[in-house]
Amino acid sequence: MSASLDPQPNVHVFDARGVARRFRHSAIFGALGALRNGETMRFVNDHDPIPLLGQLSERFGEHLSITYLQRGPEAVVIDFGIQGLPEG
């Protein structure tokens, strides 16, 4: 089964496979930082980013939800949801 990468309301696809490895973490942090409450970044990668998940959890804490949609040899797809951020 493969996760949908089709456009959906409040879901923004970020395909990290097209980003040079040395820029990926900064690009991911920047993209997540741009999300508003209730929005989701559908993250697509070529491997399971376990160390990154720990870094994101530290930075965003309870405001970040992490939901795996696909874990396979061809791609890993994760929804990162943002909720409860202070408005402003």
# chains A, B, ... in the order shown; residues from 1 in each chain; ligands from 1
$ residues_around --residues "Phe43 of chain A" --least-positions-apart "4" --cutoff "6 Å" --atoms "only C-alpha atoms" --output "number ranges by chain"
A: 14-15, 77-78
$ select_by_dssp --residues "segment 11-79 of chain A" --states "helix (DSSP H, G or I)" --output "short mmCIF file (atom, residue, chain, number, x, y, z; two decimals) with all heavy atoms, in the first residue's frame"
data_model
loop_
_atom_site.label_atom_id
_atom_site.label_comp_id
_atom_site.auth_asym_id
_atom_site.auth_seq_id
_atom_site.Cartn_x
_atom_site.Cartn_y
_atom_site.Cartn_z
N ALA A 16 11.37 14.73 0.56
CA ALA A 16 12.78 14.96 0.91
C ALA A 16 13.73 14.25 -0.04
O ALA A 16 14.92 14.58 -0.07
CB ALA A 16 13.04 14.51 2.34
N ARG A 17 13.22 13.33 -0.83
CA ARG A 17 14.10 12.59 -1.75
C ARG A 17 14.74 13.50 -2.79
O ARG A 17 15.78 13.17 -3.33
CB ARG A 17 13.32 11.46 -2.42
CG ARG A 17 12.80 10.44 -1.42
CD ARG A 17 11.90 9.43 -2.07
NE ARG A 17 10.70 10.09 -2.61
CZ ARG A 17 9.70 9.44 -3.19
NH1 ARG A 17 9.75 8.13 -3.30
NH2 ARG A 17 8.66 10.10 -3.66
N GLY A 18 14.14 14.66 -3.04
CA GLY A 18 14.69 15.58 -4.02
C GLY A 18 15.57 16.66 -3.42
O GLY A 18 16.05 17.54 -4.13
N ARG A 21 21.06 15.67 0.70
CA ARG A 21 21.12 15.16 2.08
C ARG A 21 21.64 16.19 3.08
O ARG A 21 21.14 16.28 4.18
CB ARG A 21 21.98 13.90 2.14
CG ARG A 21 21.29 12.70 1.58
CD ARG A 21 22.06 11.43 1.90
NE ARG A 21 21.46 10.29 1.26
CZ ARG A 21 20.56 9.50 1.84
NH1 ARG A 21 20.19 9.73 3.07
NH2 ARG A 21 20.05 8.49 1.18
N ARG A 22 22.63 16.97 2.70
CA ARG A 22 23.21 17.91 3.66
C ARG A 22 22.26 19.06 4.00
O ARG A 22 22.45 19.74 4.99
CB ARG A 22 24.54 18.43 3.18
CG ARG A 22 24.46 19.30 1.96
CD ARG A 22 25.84 19.66 1.48
NE ARG A 22 25.81 21.01 0.93
CZ ARG A 22 26.86 21.73 0.74
NH1 ARG A 22 28.05 21.27 1.04
NH2 ARG A 22 26.76 22.92 0.22
N PHE A 23 21.19 19.26 3.19
CA PHE A 23 20.23 20.33 3.46
C PHE A 23 18.91 19.81 4.04
O PHE A 23 18.06 20.60 4.44
CB PHE A 23 19.91 21.10 2.17
CG PHE A 23 21.10 21.77 1.56
CD1 PHE A 23 21.44 21.50 0.25
CD2 PHE A 23 21.87 22.65 2.28
CE1 PHE A 23 22.53 22.11 -0.34
CE2 PHE A 23 22.98 23.27 1.71
CZ PHE A 23 23.30 23.00 0.39
N ARG A 24 18.72 18.52 4.08
CA ARG A 24 17.41 17.95 4.44
C ARG A 24 16.92 18.38 5.81
O ARG A 24 15.78 18.83 5.94
CB ARG A 24 17.45 16.42 4.37
CG ARG A 24 17.33 15.90 2.98
CD ARG A 24 17.20 14.40 2.97
NE ARG A 24 17.27 13.92 1.60
CZ ARG A 24 17.24 12.65 1.26
NH1 ARG A 24 17.16 11.72 2.19
NH2 ARG A 24 17.30 12.31 0.00
N HIS A 25 17.72 18.21 6.85
CA HIS A 25 17.23 18.52 8.19
C HIS A 25 16.82 19.98 8.32
O HIS A 25 15.78 20.29 8.86
CB HIS A 25 18.25 18.12 9.26
CG HIS A 25 18.25 16.66 9.54
ND1 HIS A 25 18.58 16.14 10.76
CD2 HIS A 25 17.96 15.59 8.76
CE1 HIS A 25 18.50 14.82 10.72
NE2 HIS A 25 18.13 14.46 9.52
N SER A 26 17.65 20.91 7.79
CA SER A 26 17.28 22.32 7.89
C SER A 26 16.00 22.61 7.11
O SER A 26 15.17 23.38 7.56
CB SER A 26 18.34 23.26 7.36
OG SER A 26 19.55 22.74 7.26
N ALA A 27 15.86 21.99 5.94
CA ALA A 27 14.65 22.20 5.13
C ALA A 27 13.41 21.67 5.85
O ALA A 27 12.35 22.30 5.85
CB ALA A 27 14.81 21.54 3.77
N ILE A 28 13.55 20.52 6.49
CA ILE A 28 12.43 19.91 7.22
C ILE A 28 12.03 20.78 8.40
O ILE A 28 10.85 21.06 8.62
CB ILE A 28 12.79 18.48 7.66
CG1 ILE A 28 12.96 17.59 6.43
CG2 ILE A 28 11.74 17.92 8.61
CD1 ILE A 28 13.75 16.31 6.69
N PHE A 29 13.01 21.23 9.18
CA PHE A 29 12.70 22.10 10.32
C PHE A 29 12.04 23.39 9.85
O PHE A 29 11.09 23.87 10.47
CB PHE A 29 13.97 22.42 11.13
CG PHE A 29 14.32 21.36 12.13
CD1 PHE A 29 15.27 20.39 11.82
CD2 PHE A 29 13.71 21.34 13.36
CE1 PHE A 29 15.59 19.41 12.75
CE2 PHE A 29 14.04 20.36 14.29
CZ PHE A 29 14.98 19.40 13.98
N GLY A 30 12.52 23.95 8.75
CA GLY A 30 11.93 25.17 8.21
C GLY A 30 10.49 24.96 7.76
O GLY A 30 9.61 25.78 8.03
N ALA A 31 10.25 23.85 7.07
CA ALA A 31 8.90 23.55 6.58
C ALA A 31 7.93 23.33 7.74
O ALA A 31 6.82 23.85 7.74
CB ALA A 31 8.93 22.32 5.67
N LEU A 32 8.36 22.59 8.75
CA LEU A 32 7.49 22.37 9.91
C LEU A 32 7.24 23.67 10.66
O LEU A 32 6.13 23.92 11.14
CB LEU A 32 8.09 21.33 10.85
CG LEU A 32 7.89 19.89 10.42
CD1 LEU A 32 8.70 18.96 11.31
CD2 LEU A 32 6.42 19.50 10.45
N GLY A 33 8.26 24.52 10.75
CA GLY A 33 8.10 25.79 11.43
C GLY A 33 7.13 26.72 10.73
O GLY A 33 6.59 27.64 11.34
N ILE A 50 14.63 7.96 11.90
CA ILE A 50 14.46 7.82 13.36
C ILE A 50 15.21 8.89 14.16
O ILE A 50 14.61 9.50 15.05
CB ILE A 50 14.81 6.39 13.80
CG1 ILE A 50 13.78 5.42 13.20
CG2 ILE A 50 14.85 6.27 15.32
CD1 ILE A 50 14.11 3.98 13.32
N PRO A 51 16.48 9.20 13.88
CA PRO A 51 17.13 10.27 14.65
C PRO A 51 16.43 11.62 14.49
O PRO A 51 16.30 12.38 15.44
CB PRO A 51 18.55 10.32 14.09
CG PRO A 51 18.77 8.97 13.49
CD PRO A 51 17.43 8.54 12.97
N LEU A 52 15.96 11.90 13.28
CA LEU A 52 15.24 13.15 13.03
C LEU A 52 13.97 13.23 13.87
O LEU A 52 13.63 14.29 14.40
CB LEU A 52 14.90 13.28 11.55
CG LEU A 52 14.01 14.46 11.17
CD1 LEU A 52 14.75 15.78 11.41
CD2 LEU A 52 13.56 14.34 9.72
N LEU A 53 13.27 12.12 14.02
CA LEU A 53 12.03 12.12 14.80
C LEU A 53 12.29 12.56 16.24
O LEU A 53 11.51 13.31 16.82
CB LEU A 53 11.37 10.73 14.77
CG LEU A 53 10.95 10.22 13.40
CD1 LEU A 53 10.29 8.85 13.53
CD2 LEU A 53 10.05 11.19 12.69
N GLY A 54 13.39 12.12 16.80
CA GLY A 54 13.75 12.53 18.15
C GLY A 54 14.03 14.02 18.22
O GLY A 54 13.58 14.71 19.15
N GLN A 55 14.72 14.55 17.23
CA GLN A 55 15.02 15.98 17.20
C GLN A 55 13.74 16.80 17.06
O GLN A 55 13.57 17.83 17.72
CB GLN A 55 15.95 16.30 16.03
CG GLN A 55 17.33 15.72 16.17
CD GLN A 55 18.15 15.88 14.89
OE1 GLN A 55 17.64 16.27 13.84
NE2 GLN A 55 19.43 15.57 14.99
N LEU A 56 12.84 16.34 16.21
CA LEU A 56 11.57 17.06 16.02
C LEU A 56 10.72 17.03 17.28
O LEU A 56 10.11 18.03 17.65
CB LEU A 56 10.79 16.45 14.85
CG LEU A 56 11.42 16.64 13.47
CD1 LEU A 56 10.63 15.87 12.42
CD2 LEU A 56 11.52 18.10 13.10
N SER A 57 10.70 15.88 17.95
CA SER A 57 9.94 15.77 19.20
C SER A 57 10.49 16.71 20.27
O SER A 57 9.73 17.34 21.00
CB SER A 57 9.95 14.33 19.72
OG SER A 57 9.22 13.51 18.85
N GLU A 58 11.81 16.82 20.34
CA GLU A 58 12.42 17.75 21.29
C GLU A 58 12.04 19.19 20.99
O GLU A 58 11.73 19.97 21.88
CB GLU A 58 13.95 17.64 21.25
CG GLU A 58 14.52 16.53 22.09
CD GLU A 58 16.04 16.54 22.08
OE1 GLU A 58 16.63 17.65 22.00
OE2 GLU A 58 16.62 15.45 22.14
N ARG A 59 12.07 19.54 19.73
CA ARG A 59 11.82 20.92 19.34
C ARG A 59 10.35 21.31 19.43
O ARG A 59 10.02 22.40 19.89
CB ARG A 59 12.30 21.16 17.92
CG ARG A 59 12.14 22.59 17.48
CD ARG A 59 12.87 22.81 16.19
NE ARG A 59 13.17 24.20 16.00
CZ ARG A 59 13.85 24.66 14.99
NH1 ARG A 59 14.33 23.82 14.11
NH2 ARG A 59 14.07 25.93 14.86
N PHE A 60 9.44 20.44 18.98
CA PHE A 60 8.03 20.79 18.90
C PHE A 60 7.20 20.21 20.04
O PHE A 60 6.07 20.64 20.25
CB PHE A 60 7.44 20.36 17.55
CG PHE A 60 7.99 21.13 16.39
CD1 PHE A 60 9.04 20.64 15.64
CD2 PHE A 60 7.47 22.36 16.04
CE1 PHE A 60 9.56 21.35 14.57
CE2 PHE A 60 7.97 23.09 14.97
CZ PHE A 60 9.03 22.58 14.24
N GLY A 61 7.74 19.23 20.75
CA GLY A 61 7.05 18.66 21.91
C GLY A 61 5.64 18.19 21.60
O GLY A 61 5.39 17.57 20.57
N GLU A 62 4.73 18.53 22.49
CA GLU A 62 3.34 18.06 22.40
C GLU A 62 2.59 18.68 21.22
O GLU A 62 1.47 18.26 20.91
CB GLU A 62 2.60 18.38 23.68
CG GLU A 62 2.47 19.85 23.95
CD GLU A 62 1.89 20.17 25.31
OE1 GLU A 62 1.98 19.34 26.22
OE2 GLU A 62 1.34 21.27 25.44
N HIS A 63 3.17 19.65 20.54
CA HIS A 63 2.51 20.30 19.41
C HIS A 63 2.64 19.50 18.12
O HIS A 63 2.00 19.82 17.13
CB HIS A 63 3.07 21.71 19.19
CG HIS A 63 2.97 22.58 20.40
ND1 HIS A 63 1.76 23.01 20.90
CD2 HIS A 63 3.91 23.07 21.22
CE1 HIS A 63 1.97 23.75 21.98
NE2 HIS A 63 3.27 23.79 22.20
#
$ atom_distance --atom1 "atom CA of Gly72 of chain A" --atom2 "atom CA of Ala34 of chain A"
27.8 Å
$ atom_distance --atom1 "atom CA of Gln83 of chain A" --atom2 "atom CA of Leu64 of chain A"
6.7 Å
$ residues_around --residues "Pro86 of chain A" --least-positions-apart "4" --cutoff "12 Å" --atoms "only C-alpha atoms" --output "mmCIF file with all heavy atoms, in the first residue's frame"
data_model
loop_
_atom_site.group_PDB
_atom_site.id
_atom_site.type_symbol
_atom_site.label_atom_id
_atom_site.label_comp_id
_atom_site.auth_asym_id
_atom_site.auth_seq_id
_atom_site.Cartn_x
_atom_site.Cartn_y
_atom_site.Cartn_z
ATOM 1 N N ARG A 36 0.837 26.012 10.270
ATOM 2 C CA ARG A 36 -0.080 26.616 11.233
ATOM 3 C C ARG A 36 -0.853 25.505 11.926
ATOM 4 O O ARG A 36 -0.894 24.374 11.460
ATOM 5 C CB ARG A 36 -1.048 27.544 10.505
ATOM 6 C CG ARG A 36 -0.346 28.702 9.842
ATOM 7 C CD ARG A 36 -1.363 29.629 9.191
ATOM 8 N NE ARG A 36 -0.665 30.706 8.516
ATOM 9 C CZ ARG A 36 -0.760 30.949 7.218
ATOM 10 N NH1 ARG A 36 -1.514 30.204 6.459
ATOM 11 N NH2 ARG A 36 -0.102 31.955 6.680
ATOM 12 N N ASN A 37 -1.484 25.859 13.033
ATOM 13 C CA ASN A 37 -2.307 24.887 13.762
ATOM 14 C C ASN A 37 -3.286 24.197 12.811
ATOM 15 O O ASN A 37 -3.924 24.844 11.986
ATOM 16 C CB ASN A 37 -3.089 25.580 14.876
ATOM 17 C CG ASN A 37 -2.210 25.931 16.043
ATOM 18 O OD1 ASN A 37 -1.362 25.163 16.451
ATOM 19 N ND2 ASN A 37 -2.404 27.116 16.593
ATOM 20 N N HIS A 63 3.165 19.653 20.541
ATOM 21 C CA HIS A 63 2.506 20.304 19.411
ATOM 22 C C HIS A 63 2.640 19.500 18.116
ATOM 23 O O HIS A 63 1.997 19.823 17.128
ATOM 24 C CB HIS A 63 3.074 21.713 19.192
ATOM 25 C CG HIS A 63 2.966 22.579 20.398
ATOM 26 N ND1 HIS A 63 1.755 23.013 20.901
ATOM 27 C CD2 HIS A 63 3.910 23.072 21.223
ATOM 28 C CE1 HIS A 63 1.967 23.746 21.976
ATOM 29 N NE2 HIS A 63 3.269 23.791 22.197
ATOM 30 N N ILE A 82 0.619 19.600 13.244
ATOM 31 C CA ILE A 82 0.889 20.663 14.204
ATOM 32 C C ILE A 82 -0.431 21.093 14.830
ATOM 33 O O ILE A 82 -1.406 21.342 14.130
ATOM 34 C CB ILE A 82 1.560 21.875 13.510
ATOM 35 C CG1 ILE A 82 2.924 21.498 12.945
ATOM 36 C CG2 ILE A 82 1.662 23.071 14.452
ATOM 37 C CD1 ILE A 82 3.989 21.208 13.985
#
$ atom_distance --atom1 "atom CA of Asn10 of chain A" --atom2 "atom CA of Gly38 of chain A"
7.1 Å
$ residues_around --residues "Ile66 of chain A" --least-positions-apart "5" --cutoff "8 Å" --atoms "only C-alpha atoms" --output "JSON, numbers by chain"
{"A": [78, 79, 80, 81]}
$ write_last_selection --atoms "N, CA, C and O atoms" --output "compact mmCIF listing (two decimals), in the first residue's frame"
# COMPACT_ATOMS: atom_id res chain seq x y z
N ILE A 78 5.36 9.88 6.28
CA ILE A 78 4.97 10.22 7.64
C ILE A 78 4.18 11.52 7.61
O ILE A 78 4.59 12.48 6.95
N ASP A 79 3.06 11.55 8.30
CA ASP A 79 2.33 12.81 8.50
C ASP A 79 2.80 13.44 9.78
O ASP A 79 2.74 12.82 10.86
N PHE A 80 3.29 14.69 9.69
CA PHE A 80 3.64 15.48 10.86
C PHE A 80 2.54 16.52 11.00
O PHE A 80 2.37 17.38 10.13
N GLY A 81 1.78 16.43 12.08
CA GLY A 81 0.71 17.38 12.33
C GLY A 81 1.10 18.38 13.39
O GLY A 81 1.82 18.05 14.34
$ closest_residue --among "A:Met41, A:Val13, A:Val19, A:Leu35" --to "Thr67 of chain A" --atoms "only C-alpha atoms"
A:Met41
